[in-house]
Structures are given as structure tokens and as C-alpha cells.
$ cat model17.cif   # mmCIF, C-alpha atoms
data_protein
#
loop_
_atom_site.label_atom_id
_atom_site.label_comp_id
_atom_site.auth_asym_id
_atom_site.auth_seq_id
_atom_site.Cartn_x
_atom_site.Cartn_y
_atom_site.Cartn_z
CA MET V 1 3.21 -35.05 12.75
CA TYR V 2 0.49 -32.56 12.06
CA ALA V 3 -2.02 -30.54 14.03
CA VAL V 4 -5.39 -28.96 13.37
CA ILE V 5 -5.58 -25.39 14.64
CA ARG V 6 -8.23 -22.69 14.62
CA ALA V 7 -7.24 -19.17 13.67
CA GLY V 8 -9.45 -16.33 12.51
CA GLY V 9 -12.60 -18.45 12.54
CA LYS V 10 -11.13 -21.06 10.17
CA GLN V 11 -9.45 -24.41 10.74
CA TYR V 12 -6.07 -25.31 9.29
CA ARG V 13 -4.20 -28.61 9.10
CA VAL V 14 -0.55 -27.71 9.65
CA ALA V 15 2.77 -29.50 9.80
CA PRO V 16 6.19 -28.12 10.72
CA GLY V 17 7.49 -26.03 7.82
CA ASP V 18 4.07 -25.21 6.32
CA VAL V 19 3.25 -21.62 5.40
CA ILE V 20 -0.39 -20.66 5.92
CA ARG V 21 -2.31 -17.43 5.33
CA VAL V 22 -4.49 -16.56 8.29
CA GLU V 23 -6.63 -13.55 9.03
CA LYS V 24 -4.64 -10.47 10.04
CA LEU V 25 -2.93 -11.07 13.39
CA ALA V 26 -1.81 -8.41 15.80
CA THR V 27 1.94 -8.25 15.29
CA GLY V 28 3.71 -9.22 18.48
CA THR V 29 7.33 -8.90 19.38
CA ASP V 30 9.95 -10.87 17.46
CA GLY V 31 7.38 -11.93 14.87
CA HIS V 32 6.59 -15.17 16.72
CA VAL V 33 3.00 -16.42 17.06
CA GLU V 34 1.55 -19.13 19.27
CA PHE V 35 -1.83 -20.56 18.35
CA PRO V 36 -3.92 -21.12 21.49
CA GLU V 37 -6.74 -23.21 19.97
CA ILE V 38 -5.47 -26.65 18.96
CA LEU V 39 -8.28 -28.98 17.94
CA ALA V 40 -6.37 -32.19 17.19
CA VAL V 41 -2.82 -33.53 17.04
CA SER V 42 -1.59 -36.60 15.20
CA ALA V 43 1.30 -38.79 16.21
CA ASN V 44 3.79 -40.41 13.85
CA ASP V 45 1.82 -43.66 13.66
CA GLY V 46 -1.28 -41.92 12.31
CA GLU V 47 -3.30 -41.87 15.53
CA ILE V 48 -5.25 -38.70 16.10
CA GLY V 49 -5.75 -37.61 19.66
CA LYS V 50 -7.51 -34.72 21.27
CA PRO V 51 -4.90 -32.41 22.71
CA GLN V 52 -4.77 -31.33 26.27
CA SER V 53 -3.40 -28.05 27.50
CA LYS V 54 0.11 -29.43 26.90
CA ALA V 55 -0.09 -29.15 23.11
CA ARG V 56 1.62 -26.15 21.54
CA VAL V 57 1.87 -24.87 17.95
CA THR V 58 4.21 -21.95 17.27
CA GLY V 59 4.97 -20.09 14.08
CA GLN V 60 6.93 -17.20 12.70
CA ILE V 61 5.42 -14.31 10.73
CA VAL V 62 6.72 -14.35 7.17
CA GLU V 63 4.78 -11.48 5.62
CA GLU V 64 1.71 -9.34 5.94
CA GLY V 65 -0.35 -8.20 3.01
CA ARG V 66 -3.73 -7.95 1.37
CA GLY V 67 -5.43 -10.63 -0.68
CA ASP V 68 -6.91 -10.42 -4.15
CA LYS V 69 -9.70 -7.96 -4.75
CA VAL V 70 -13.24 -9.28 -4.45
CA ILE V 71 -15.78 -7.31 -6.47
CA VAL V 72 -19.27 -6.87 -4.98
CA PHE V 73 -21.73 -5.61 -7.58
CA HIS V 74 -25.38 -4.94 -6.78
CA TYR V 75 -27.69 -4.38 -9.74
CA LYS V 76 -31.42 -4.11 -10.21
CA ARG V 77 -32.61 -4.05 -13.78
CA LYS V 78 -35.00 -1.39 -15.02
CA LYS V 79 -34.58 0.59 -11.78
CA GLN V 80 -31.40 2.53 -12.59
CA TYR V 81 -29.71 0.99 -9.55
CA LYS V 82 -26.06 -0.07 -9.61
CA LYS V 83 -23.60 -0.25 -6.74
CA LEU V 84 -20.00 -1.41 -7.10
CA ARG V 85 -17.72 -2.12 -4.15
CA GLY V 86 -14.38 -3.86 -3.86
CA HIS V 87 -12.72 -5.51 -0.87
CA ARG V 88 -9.21 -6.79 -0.17
CA GLN V 89 -8.91 -8.91 2.97
CA PRO V 90 -5.71 -8.36 4.97
CA TYR V 91 -3.75 -11.51 5.83
CA THR V 92 -0.70 -12.63 7.74
CA ALA V 93 1.48 -15.41 6.31
CA VAL V 94 2.82 -17.63 9.11
CA ARG V 95 5.44 -20.38 8.81
CA ILE V 96 4.82 -23.15 11.35
CA SER V 97 8.09 -23.65 13.19
CA GLU V 98 7.22 -26.16 15.92
CA ILE V 99 4.53 -28.57 17.07
CA ALA V 100 4.97 -29.89 20.60
CA PHE V 101 2.72 -32.52 22.20
CA ASP V 102 3.05 -35.26 24.81
CA GLY V 103 6.73 -34.62 25.47
CA GLN V 104 7.64 -34.72 21.76
CA SER V 105 8.70 -31.69 19.78
CA PHE V 106 8.77 -31.54 15.98
CA LYS V 107 10.60 -28.56 14.52
CA ALA V 108 10.74 -27.30 10.95
CA PRO V 109 14.11 -27.31 9.20
CA GLU V 110 15.87 -23.96 9.18
CA LEU V 111 15.60 -21.94 6.00
CA GLU V 112 18.78 -21.01 4.21
CA LYS V 113 19.26 -17.27 4.13
CA LYS V 114 20.01 -15.98 0.67
CA GLU V 115 22.84 -13.52 0.52
CA ALA V 116 22.45 -10.50 -1.67
CA LYS V 117 24.82 -10.56 -4.62
CA PRO V 118 26.97 -7.45 -4.86
CA LYS V 119 26.41 -5.41 -7.98
CA LYS V 120 29.33 -5.33 -10.37
CA ALA V 121 30.65 -1.85 -10.92
CA LYS V 122 31.48 -1.17 -14.54
CA PRO V 123 35.01 0.06 -15.18
CA VAL V 124 35.24 3.77 -15.98
CA ALA V 125 37.08 3.11 -19.28
CA GLU V 126 34.22 0.87 -20.51
CA VAL V 127 31.63 3.53 -19.72
CA GLU V 128 33.66 6.21 -21.54
CA GLU V 129 33.99 3.96 -24.62
CA ARG V 130 30.23 3.48 -24.80
CA GLU V 131 29.64 7.21 -24.53
CA ALA V 132 32.20 7.90 -27.26
CA GLU V 133 30.56 5.35 -29.56
CA SER V 134 27.11 6.84 -29.12
CA LYS V 135 28.16 10.44 -29.88
CA PRO V 136 29.28 9.97 -33.52
CA LYS V 137 26.06 8.15 -34.32
CA ALA V 138 24.06 11.09 -33.10
CA ALA V 139 26.16 13.50 -35.16
CA ALA V 140 25.87 11.34 -38.29
CA LYS V 141 22.17 12.01 -38.58
CA LYS V 142 21.44 14.57 -41.28
CA LYS V 143 19.02 17.31 -40.77
CA SER V 144 16.65 17.56 -43.68
CA ALA V 145 16.09 20.91 -45.28
CA PRO V 146 12.74 22.50 -44.54
CA ARG V 147 10.20 21.79 -47.23
CA LYS V 148 8.83 24.63 -49.21
CA ALA V 149 5.12 24.89 -49.56
CA ALA V 150 3.98 24.30 -53.11
CA LYS V 151 2.36 27.32 -54.65
CA LYS V 152 -1.00 26.85 -56.19
CA SER V 153 -1.54 28.81 -59.28
CA ALA V 154 -4.94 30.17 -59.73
CA LYS V 155 -6.07 30.24 -63.34
CA LYS V 156 -8.30 33.03 -64.34
CA LYS V 157 -10.57 32.59 -67.29
#
$ encode --input "model17.cif" --output "C-alpha cells"
Amino acid sequence: MYAVIRAGGKQYRVAPGDVIRVEKLATGTDGHVEFPEILAVSANDGEIGKPQSKARVTGQIVEEGRGDKVIVFHYKRKKQYKKLRGHRQPYTAVRISEIAFDGQSFKAPELEKKEAKPKKAKPVAEVEEREAESKPKAAAKKKSAPRKAAKKSAKKK
């Protein structure tokens, strides 16, 4: 099942589990978003129907950020006119969690949460051995004697 929604002046074809980047949305509570404008909904058999007020598409905010920089450069030759501007459009990444229509509800599979691996603490004895190994190497370096400047002899004739 998929749906066609309108968000931020653009249309998106979404299915449960899809992640889309839409124009910056006002962050609500819990990070859940419901898209009010649903243009079309498809059933399992491929039929596309116009939704009524019963259709519902919900999503969960994944991240917020700014897109790639777009450079705007104005230039007029022979007139000494140059203007350079850059722009980064803010976006909100939304994962579609559910599409409900005509008594049917299609939900996205749950994402597995990755657990942070604990950092291994190095044993104190190993750290001391490394420090002891590095010290003799530093002491083994010889300091070279300062060079004496060569005297130039001036010959008088």
C-alpha cells in the first residue's frame, strides 16, 4: 500500500517504512507527525482511489538538518558587478510509520535499536608497559653538538 501526500508544497509517494525529507516542520510533541493533505491512496490490488476524510498518514521525525549549499552567483561582465550568495534549506526527515484507509491499517516494521558497545578499559599494567617502552627511545636520541661557524679568511694583497 502506498499514498500520495502533499507536504511543504511538494508531493511525495510514500509507503510504510519510507524515510522522506520534507520542508522544515514545526516540531510537535513526541516527534510524531500527521500529514493532513492526502491526495491518493492505493490498495493492495493496485487500484488507486481518492481518499476521503478517513485516510490517515502518520510519521515519526527521524532528524532535522540543513541540505547542501546552493550557490547563487550574479555577474554582469564589463560592469564590475558580482554578487555571491549561498543558501542551505532546512529539512525534516520523517519515517512513515502508518497508512490507514478504509478500515485497513498498514504499519511499518519496528526498527531494531542498536545498543552502544561499552568501551574496553585498558589494564593499568599494559599502559605502564607502553609508557616504559617509550621513555628509553626518547633518551636514546643523541643531541648533536652545536656547529661552529666557519671562519672566512680575508686575503690581503
$ resolve_selection --input "model17.cif" --expression "the PyMOL selection byres ((chain V and resi 22) around 7)" --output "JSON, numbers by chain"
{"V": [7, 8, 20, 21, 23, 24, 91, 92, 93]}
$ atom_distance --input "model17.cif" --atom1 "atom CA of V:Ile38" --atom2 "atom CA of V:Arg88"
27.8 Å
$ residues_around --input "model17.cif" --residues "V:Arg6" --least-positions-apart "3" --cutoff "12 Å" --atoms "all atoms listed in the file" --output "JSON, numbers by chain"
{"V": [3, 9, 10, 11, 12, 13, 14, 20, 22, 23, 34, 35, 36, 37, 38, 39, 40, 57]}
$ resolve_selection --input "model17.cif" --expression "the PyMOL selection byres ((chain V and resi 2) around 12)" --output "ChimeraX atom specification"
/V:1,3-5,12-18,38-49,51,55-57,96-101,105-108
$ resolve_selection --input "model17.cif" --expression "the PyMOL selection byres ((chain V and resi 67) around 7)" --output "PDB file with C-alpha atoms, keeping the file's coordinate frame"
ATOM      1  CA  GLY V  65      -0.350  -8.200   3.010  1.00  0.00           C
ATOM      2  CA  ARG V  66      -3.730  -7.950   1.370  1.00  0.00           C
ATOM      3  CA  ASP V  68      -6.910 -10.420  -4.150  1.00  0.00           C
ATOM      4  CA  LYS V  69      -9.700  -7.960  -4.750  1.00  0.00           C
ATOM      5  CA  ARG V  88      -9.210  -6.790  -0.170  1.00  0.00           C
ATOM      6  CA  GLN V  89      -8.910  -8.910   2.970  1.00  0.00           C
ATOM      7  CA  PRO V  90      -5.710  -8.360   4.970  1.00  0.00           C
ATOM      8  CA  TYR V  91      -3.750 -11.510   5.830  1.00  0.00           C
TER       9      TYR V  91
END
$ atom_distance --input "model17.cif" --atom1 "atom CA of V:Val33" --atom2 "atom CA of V:His87"
26.2 Å
$ atom_distance --input "model17.cif" --atom1 "atom CA of V:Glu64" --atom2 "atom CA of V:Lys117"
25.4 Å
$ closest_residue --input "model17.cif" --among "V:Glu63, V:Lys54, V:Ser134, V:Gly86" --to "V:Gly103" --atoms "only C-alpha atoms"
V:Lys54
